[in-house]
Structures are given as structure tokens and as C-alpha cells.
Amino acid sequence: MISILKPIAVALDQLEVAICIFDAEDKALVWNDTFLQFFPEHAGHVHVGEDYRDNLRRFYLQRLSAEELPQIDRYIEEGVLRHRNQLRAFEFDHHDYRVRVASLPLGAYGRVRLWRKTAPLLTGMQDRINPDTKPLPTQILPDTAMALESLADGILMVDEIGRAIWANHTFLELYGLPSTDALKLRDFAQLYTQAWQHEVPTAEYVASLGLLKEHQRFSGAPYVLALPNNRWVRVVELRGTQTNGSNFLSHVDVTESRQQQEALKQLTQHLESLAIKDALTGLANRRRFDEVLESEWQRAHRSKTPLSLLMLDVDHFKRLNDTHGHPFGDEVLKRLASILAHRIQRTGSLVARYGGEEFAVLLPDTDLPSAAKLAEFIRQQVENMSLGNENTGLVRITISIGVACASGTALTASTTALVDMADRALYQAKRSGRNQVAAATP
Ligand SMILES: Nc1nc2c(ncn2[C@@H]2O[C@H](COP(=O)(O)OP(=O)(O)OP(=O)(O)O)[C@@H](O)[C@H]2O)c(=O)[nH]1
């Protein structure tokens with residue numbers, strides 16, 4: 001694939017079109033000389049495998065003001081999202097030129113970005129002309145106004161330095177403005193801030209204002225802003241390149257689709273959590289345990305560190321169920337789960353409900369004596385736990401624990417071998433009278 005793309009990139013040099021191709025992980029694969037001419041800040045830095053984020057960092061280091069610089073990571077992440085989701089070409093100013101950029105997906109290979117200079121810079125999106133020296137803008141023609149009034153989207157016309165001249169009714173309604181008189185030559189950022197003036201500023205508002213300011217540097221790249229009362233609007237700003245050119249911003253109310261997206265996202269998260277969580281205890285389920293065991297096994301193998309496993313089982317749980325009822329049995333499992341979750345909090349460790357009244361605790365970077373010590377501590381804590389209600393009276397439970405550790409050459413065996421070792425140790429603990437810890441002999 002690269003062997004085909006390289007000659008294309010070189011051919012595009014002859015058309016003065018800059019190209020940079022990124023793989024599916026946003027790493028640079030191929031670019032041409034025009035790319036380096038358009039973006040001299042990258043010369044000597046781009047290399048195969050370079051992350052698009054590093055590319056964007058150099059771009060923004062040049063572009064952002066000292067005031068905006070602390071937010072550079074946010075600008076970079078937004079740039080990455082623009083890159084991945086771009087559907088239509090948009091424009092921005094860079095050095096002395098207005099540049100048009102298109103981005104196309106290349107299937108499994110990644111994405112290609114193409115840039116073409118459209119005009120020498122006259123109006124300056126970035127370095128705005130001092131408003132005091134500009135004459136007042138002319139009003140728009142009545143015919144144009146009538147046509148724009150008939151649109152369902154909000155339209156805001158601004159002059160070449162961004163001062164609002166005219167807006168249709170949909171725009172005025174969206175931004176809570178009584179009439180076009182309220183525009184008062186303000187720029188869009190001021191109008192947006194004004195729409196929020198009676199509201200407590202939310203995180204979405206702050207993020208949206210940053211986004212709006214950043215997008216004043218682009219023409220035609222859509223962005224979404226939060227409005228008060230949980231409403232959302234998608235904005236596209238189209239700027240002319242002539243000094244007398246009229247610029248306009250179109251605003252589409254996307255509240256409904258945004259709410260649907262949000263509901264879908266929450267549902268997906270909920271379903272994902274259901275897929276890996278045990279419903280009764282809230283602990284990881286068996287499926288999750290198997291996944292984590294596999295990845296921790298690999299990690300232990302690479303880092304040559306021990307990996308320990310505890311298998312815990314409630315003693316005579318059937319009798320407890322039979323005596324006090326299944327719901328009480330459920331309560332016992334929840335209490336036990338909570339004790340385990342509190343005790344095991346080290347990053348990388350995992351507590352899971354392995355099945356029925358059996359729990360598994362995975363302990364990365366822990367050797368057998370340390371795992372056995374922890375198991376003994378848990379056993380004592382459960383033994384001393386008082387349970388019960390007015391029907392059951394005071395109930396005490398005990399648990400048996402099997403401990404196993406994979407380290408050194410044992411790590412070359414399988415994950416199943418570790419589980420089997422811990423299971424056999426648990427069986428040993430049960431056979432030796434329950435309420436005890438048994439460690440597998442390595
Ligand atoms: N309340 C409740 N009981 C469960 C649940 N899952 C499994 N059980 C019960 O747990 C009991 C497990 O019993 P056994 O495997 O015979 O073991 P035991 O009675 O704990 O005896 P030992 O393990 O040998 O000490 C069975 O009666 C299952 O019905 C659950 O989610 N809630």
C-alpha cells in the first residue's frame with residue numbers, strides 16, 4: 001500500500017497539494033515536500049510512526065497565545081477528533097495563506113489529509129483588524145434577508161472582522177435575543193456569552209466557549225456548543241477571503257440528536273458494565289476475571305514478577321441458606337464482597353465472584369507468603385464479622401481459602417494451572433476442617 005501512496009504524494013507536489021497519510025492509530029506514514037513547505041514547523045521532525053498528536057503540538061505551539069497555551073492538550077485532542085471525524089473540507093489561516101484541508105478515510109489503512117492554498121491572507125482570521133479603524137458594515141439586502149428568514153436553521157451574518165450585522169429569527173430565538181437590535185455589532189463569542197448571562201456557568205459552557213474561540217480560526221469546520229437548558233447547537237462558520245466579503249454562521253439545533261446520543265452512550269456503558277459485573281455483589285464476574293487473569297498472566301510473564309491467586313468459599317453455605325433462607329444467604333454474599341473489595345484495593349488487583357459462594361482474588365506482583373498472609377487476615381476478619389437480623393439472631397460465618405502463586409518457571413504453564421492449584425488448595429482447606437487457609441505447594 002505504502003509503495004503506491006508514495007508516488008501519489010510526490011505527484012501531488014507538482015500540483016502544490018500537500019499530503020500526509022496517517023495509519024489507523026494516527027501515526028504518520030507518508031507525506032510530501034509540499035506538506036513540509038506549508039508547515040515549516042514540522043521540517044526535520046516528522047518521521048514514520050510519529051503520532052499525529054506530536055504534529056499537532058508543534059502546530060499549536062506556534063498558533064496559540066500565551067493565554068491559550070496552558071490548554072494546549074485540549075486543543076490537540078480536539079484536533080485529533082476533527083481529523084478522525086472530518087466529513088467536509090474546511091479552511092484555516094496559516095502563515096500568509098488561507099488553506100483548505102480535506103480528510104478522507106482509507107479503510108483499514110487509516111486516513112489521508114490533503115491541503116491546498118486557496119488565497120493569500122487578506123482578512124486575517126487569526127490577527128483580527130482593529131475594529132476602530134474599520135468602517136461600519138452595510139446592512140444585508142432585503143431579498144437576502146427574506147430568503148434567510150425562511151430557513152429552519154439559525155443564520156448570523158458577520159462582517160469581515162466578525163461583528164454581527166444581521167441574524168434571522170431562528171438565531172435570535174436560539175440565543176435568547178429579542179431582536180436584531182440586540183446584536184449591537186458584538187462578535188459571536190460575546191453573543192454566546194450573553195446567552196448564558198443569567199445561568200450558572202456549567203463545565204459544558206466553559207468548554208464550549210474555548211471551542212468557539214478556537215474555531216474562529218477555521219472556516220467550515222463544524223463544532224457543537226452547549227446552550228442553557230440542556231440545548232445544543234451545531235455551528236458552521238463560513239468566511240469569505242475578500243475584504244468586503246460577507247461571512248455567515250449557520251446554527252442547527254441538535255439538542256434532540258445529542259440527547260439520543262447521550263442516552264445511547266449511557267445505555268452502552270450500562271450494558272458494558274452488566275457484561276463484566278456480577279449483579280448481586282457488584283464485583284467483577286467470572287468473564288471479567290478470566291480476561292484479567294489472562295492479561296495479568298501475560299504481564300507477569302513479561303515482567304518476571306509473581307502472580308498470586310486466592311480462591312475463597314463460604315463454609316456450609318447450603319446449611320446457611322436452608323436455615324435462614326436464600327435472601328439472607330444473598331445478604332451474606334454481599335457483605336463478604338464488600339469486605340473483600342475494601343481490603344483489596346491495590347491497582348491491578350481484582351476481586352471477582354467466581355461462581356455461587358466462591359470468590360477469586362487476583363494479586364499481581366505478590367509472592368506466596370504475602371498472599372497467604374493476606375488470606376489469613378481476610379479469614380479472621382470474616383470470622384469476627386457479626387451478621388443477622390431479628391429473625392435469624394446473631395449469625396457467624398467462616399470461609400476457607402486456597403492460595404496459589406505462579407512465579408519463575410511455573411509462569412510458563414497456563415492460567416488454568418494456576419486456578420487448578422488454588423482450587424486444590426481450597427479443597428485441602430475444606431478437607432482439613434474448613435475455616436482455614438491452605439497454600440499450594442509450588
Ligand atoms: N443465597 C444464595 N445461595 C447461593 C447462591 N449461589 C449459590 N448458592 C448456594 O450455595 C450453596 C453451595 O453449597 P455447596 O457447594 O454444597 O457447599 P457448602 O454448603 O458451602 O459446603 P462447603 O463448601 O463444603 O463448606 C448451594 O446451596 C447453592 O444453592 C446465591 O447467589 N445466593
# chains A, B, ... in the order shown; residues from 1 in each chain; ligands from 1

call {"tool": "residues_near_ligand", "arguments": {"ligand": "ligand 1", "cutoff": "8 Å", "atoms": "only C-alpha atoms and all ligand atoms", "output": "PyMOL selection string"}}
result
chain A and resi 280+313-322+325-333+355-357+399-400+430+434

call {"tool": "residues_around", "arguments": {"residues": "Tyr97 (chain A)", "least_positions_apart": "6", "cutoff": "8 Å", "atoms": "only C-alpha atoms", "output": "list in words"}}
result
Lys117, Thr118, Ala119, Pro120 and Leu121 of chain A

call {"tool": "closest_residue", "arguments": {"among": "A:Ala66, A:Val252, A:Ala275, A:Ala102", "to": "Glu173 (chain A)", "atoms": "only C-alpha atoms"}}
result
A:Val252

call {"tool": "select_by_dssp", "arguments": {"residues": "region 165-345 of chain A", "states": "strand (DSSP E)", "output": "tab-separated table (two decimals) with C-alpha atoms, in the first residue's frame"}}
result
chain	number	residue	atom	x	y	z
A	165	ILE	CA	-24.67	42.60	11.34
A	166	TRP	CA	-27.83	40.61	11.00
A	167	ALA	CA	-29.50	37.40	12.21
A	218	PHE	CA	-11.32	27.81	10.98
A	219	SER	CA	-13.82	28.25	8.24
A	223	TYR	CA	-18.47	22.38	16.08
A	224	VAL	CA	-21.09	21.83	18.77
A	225	LEU	CA	-21.87	24.30	21.56
A	226	ALA	CA	-23.89	23.92	24.74
A	227	LEU	CA	-26.78	26.33	25.26
A	231	ARG	CA	-29.78	22.53	24.49
A	232	TRP	CA	-27.09	22.03	21.90
A	233	VAL	CA	-26.32	23.71	18.62
A	234	ARG	CA	-24.03	22.77	15.77
A	235	VAL	CA	-22.28	25.78	14.25
A	236	VAL	CA	-20.61	26.14	10.87
A	237	GLU	CA	-18.78	29.38	10.25
A	238	LEU	CA	-18.10	30.28	6.60
A	247	ASN	CA	-19.26	35.88	6.36
A	248	PHE	CA	-22.01	33.87	7.91
A	249	LEU	CA	-22.53	31.32	10.60
A	250	SER	CA	-25.25	28.72	10.39
A	251	HIS	CA	-26.65	27.20	13.57
A	252	VAL	CA	-28.55	23.93	13.67
A	253	ASP	CA	-30.38	22.89	16.82
A	307	LEU	CA	1.15	-13.62	40.33
A	308	SER	CA	-0.92	-14.97	43.21
A	309	LEU	CA	-4.49	-16.15	43.36
A	310	LEU	CA	-6.85	-16.72	46.31
A	311	MET	CA	-9.94	-18.90	45.92
A	312	LEU	CA	-12.44	-18.34	48.75
A	313	ASP	CA	-15.52	-20.37	49.55
A	314	VAL	CA	-18.11	-19.86	52.30

call {"tool": "closest_residue", "arguments": {"among": "A:Thr415, A:Ser257, A:Gln71, A:Ser103", "to": "Val292 (chain A)", "atoms": "only C-alpha atoms"}}
result
A:Thr415

call {"tool": "residues_around", "arguments": {"residues": "region 20-24 of chain A", "least_positions_apart": "4", "cutoff": "12 Å", "atoms": "only C-alpha atoms", "output": "JSON, numbers by chain"}}
result
{"A": [1, 2, 5, 6, 8, 9, 10, 12, 13, 28, 29, 30, 31, 32, 33, 34, 35, 36, 38, 39, 42, 46, 47, 48, 49, 50, 51, 52, 53, 55, 80, 83, 84, 101, 102, 103, 104, 105, 106, 107, 108, 109, 110, 111, 112, 113, 114, 115]}

call {"tool": "write_last_selection", "arguments": {"atoms": "C-alpha atoms", "output": "mmCIF file, in the first residue's frame"}}
result
data_model
loop_
_atom_site.group_PDB
_atom_site.id
_atom_site.type_symbol
_atom_site.label_atom_id
_atom_site.label_comp_id
_atom_site.auth_asym_id
_atom_site.auth_seq_id
_atom_site.Cartn_x
_atom_site.Cartn_y
_atom_site.Cartn_z
ATOM 1 C CA MET A 1 0.000 0.000 0.000
ATOM 2 C CA ILE A 2 2.732 2.489 1.005
ATOM 3 C CA LEU A 5 0.920 6.027 -1.894
ATOM 4 C CA LYS A 6 4.455 7.391 -2.037
ATOM 5 C CA ILE A 8 0.974 9.721 -5.475
ATOM 6 C CA ALA A 9 2.310 12.008 -2.736
ATOM 7 C CA VAL A 10 5.227 13.024 -4.964
ATOM 8 C CA LEU A 12 0.772 15.908 -5.722
ATOM 9 C CA ASP A 13 3.876 18.075 -5.171
ATOM 10 C CA ALA A 28 2.379 9.387 10.118
ATOM 11 C CA LEU A 29 3.120 7.055 7.201
ATOM 12 C CA VAL A 30 3.770 9.156 4.085
ATOM 13 C CA TRP A 31 3.978 12.907 3.333
ATOM 14 C CA ASN A 32 5.343 15.070 0.548
ATOM 15 C CA ASP A 33 7.591 18.134 0.221
ATOM 16 C CA THR A 34 4.617 20.489 -0.167
ATOM 17 C CA PHE A 35 3.439 19.371 3.262
ATOM 18 C CA LEU A 36 6.754 20.484 4.773
ATOM 19 C CA PHE A 38 3.089 24.536 4.046
ATOM 20 C CA PHE A 39 4.007 23.583 7.592
ATOM 21 C CA HIS A 42 7.358 20.163 11.026
ATOM 22 C CA VAL A 46 8.127 14.244 11.048
ATOM 23 C CA HIS A 47 9.170 10.623 10.885
ATOM 24 C CA VAL A 48 7.371 7.412 10.026
ATOM 25 C CA GLY A 49 5.395 6.339 13.079
ATOM 26 C CA GLU A 50 5.176 9.842 14.537
ATOM 27 C CA ASP A 51 1.918 10.393 16.408
ATOM 28 C CA TYR A 52 -0.433 12.983 14.886
ATOM 29 C CA ARG A 53 -0.628 14.458 18.397
ATOM 30 C CA ASN A 55 2.428 17.017 14.838
ATOM 31 C CA VAL A 80 -7.418 14.629 16.699
ATOM 32 C CA HIS A 83 -9.062 14.628 11.973
ATOM 33 C CA ARG A 84 -10.918 11.384 12.671
ATOM 34 C CA VAL A 101 -7.976 20.921 4.136
ATOM 35 C CA ALA A 102 -9.801 17.731 3.247
ATOM 36 C CA SER A 103 -9.584 14.424 5.039
ATOM 37 C CA LEU A 104 -10.580 11.030 3.668
ATOM 38 C CA PRO A 105 -10.735 7.612 5.305
ATOM 39 C CA LEU A 106 -8.509 4.944 3.761
ATOM 40 C CA GLY A 107 -10.424 1.957 5.104
ATOM 41 C CA ALA A 108 -8.316 -0.162 7.431
ATOM 42 C CA TYR A 109 -5.155 1.771 6.468
ATOM 43 C CA GLY A 110 -6.081 4.988 8.283
ATOM 44 C CA ARG A 111 -6.722 8.469 6.920
ATOM 45 C CA VAL A 112 -5.276 10.863 4.424
ATOM 46 C CA ARG A 113 -5.173 14.673 4.865
ATOM 47 C CA LEU A 114 -4.761 16.990 1.880
ATOM 48 C CA TRP A 115 -4.118 20.741 1.941
#

call {"tool": "closest_residue", "arguments": {"among": "A:Lys213, A:Ala413, A:Leu362, A:Glu199", "to": "Glu68 (chain A)", "atoms": "only C-alpha atoms"}}
result
A:Lys213

call {"tool": "closest_residue", "arguments": {"among": "A:Phe59, A:Tyr354, A:Phe90, A:Tyr205", "to": "Ile276 (chain A)", "atoms": "only C-alpha atoms"}}
result
A:Tyr354

call {"tool": "residues_around", "arguments": {"residues": "region 337-353 of chain A", "least_positions_apart": "2", "cutoff": "9 Å", "atoms": "only C-alpha atoms", "output": "ChimeraX atom specification"}}
result
/A:277-278,281-286,288-289,292-293,296,332-335,355-364,378,381-382

call {"tool": "write_last_selection", "arguments": {"atoms": "C-alpha atoms", "output": "short mmCIF file (atom, residue, chain, number, x, y, z; two decimals), in the first residue's frame"}}
result
data_model
loop_
_atom_site.label_atom_id
_atom_site.label_comp_id
_atom_site.auth_asym_id
_atom_site.auth_seq_id
_atom_site.Cartn_x
_atom_site.Cartn_y
_atom_site.Cartn_z
CA LYS A 277 -20.19 -7.21 36.64
CA ASP A 278 -21.91 -9.63 38.92
CA THR A 281 -22.41 -8.21 44.60
CA GLY A 282 -21.29 -5.58 42.06
CA LEU A 283 -17.91 -7.35 41.85
CA ALA A 284 -16.28 -8.38 38.57
CA ASN A 285 -17.93 -11.50 37.18
CA ARG A 286 -16.33 -14.72 36.06
CA ARG A 288 -14.11 -10.36 33.58
CA PHE A 289 -11.96 -12.44 35.92
CA VAL A 292 -7.94 -10.00 33.66
CA LEU A 293 -6.29 -13.28 34.65
CA GLU A 296 -2.09 -10.21 34.25
CA VAL A 332 -24.07 -12.73 53.41
CA LEU A 333 -22.54 -12.83 49.91
CA LYS A 334 -22.91 -9.04 49.60
CA ARG A 335 -21.27 -8.42 52.98
CA GLY A 355 -19.48 -18.54 40.94
CA GLY A 356 -22.13 -19.35 43.61
CA GLU A 357 -20.49 -18.77 47.01
CA GLU A 358 -16.98 -18.83 45.61
CA PHE A 359 -14.82 -15.72 45.17
CA ALA A 360 -11.45 -15.22 43.47
CA VAL A 361 -8.81 -12.62 44.32
CA LEU A 362 -6.03 -11.96 41.83
CA LEU A 363 -2.86 -10.40 43.27
CA PRO A 364 -0.23 -9.28 40.76
CA ILE A 378 -9.31 -11.91 55.45
CA GLN A 381 -11.97 -10.63 59.50
CA VAL A 382 -14.83 -12.80 58.22
#

call {"tool": "select_by_dssp", "arguments": {"residues": "region 22-120 of chain A", "states": "alpha helix (DSSP H)", "output": "ChimeraX atom specification"}}
result
/A:33-38,52-63,72-85

call {"tool": "residues_around", "arguments": {"residues": "region 421-426 of chain A", "least_positions_apart": "3", "cutoff": "6 Å", "atoms": "only C-alpha atoms", "output": "PyMOL selection string"}}
result
chain A and resi 311+401-404+418+429+438-440

call {"tool": "closest_residue", "arguments": {"among": "A:Arg63, A:His301, A:Arg74, A:Arg116", "to": "His95 (chain A)", "atoms": "only C-alpha atoms"}}
result
A:Arg63

call {"tool": "atom_distance", "arguments": {"atom1": "CA of Lys304 (chain A)", "atom2": "CA of Pro369 (chain A)"}}
result
17.4 Å

call {"tool": "atom_distance", "arguments": {"atom1": "CA of Asp159 (chain A)", "atom2": "CA of Leu185 (chain A)"}}
result
9.0 Å

call {"tool": "atom_distance", "arguments": {"atom1": "CA of Thr441 (chain A)", "atom2": "CA of Asp290 (chain A)"}}
result
23.0 Å

call {"tool": "residues_around", "arguments": {"residues": "Lys184 (chain A)", "least_positions_apart": "2", "cutoff": "10 Å", "atoms": "only C-alpha atoms", "output": "PyMOL selection string"}}
result
chain A and resi 163-166+180-182+186-187+191

call {"tool": "closest_residue", "arguments": {"among": "A:Leu212, A:Leu394, A:Val200, A:Val437", "to": "Glu376 (chain A)", "atoms": "only C-alpha atoms"}}
result
A:Val437
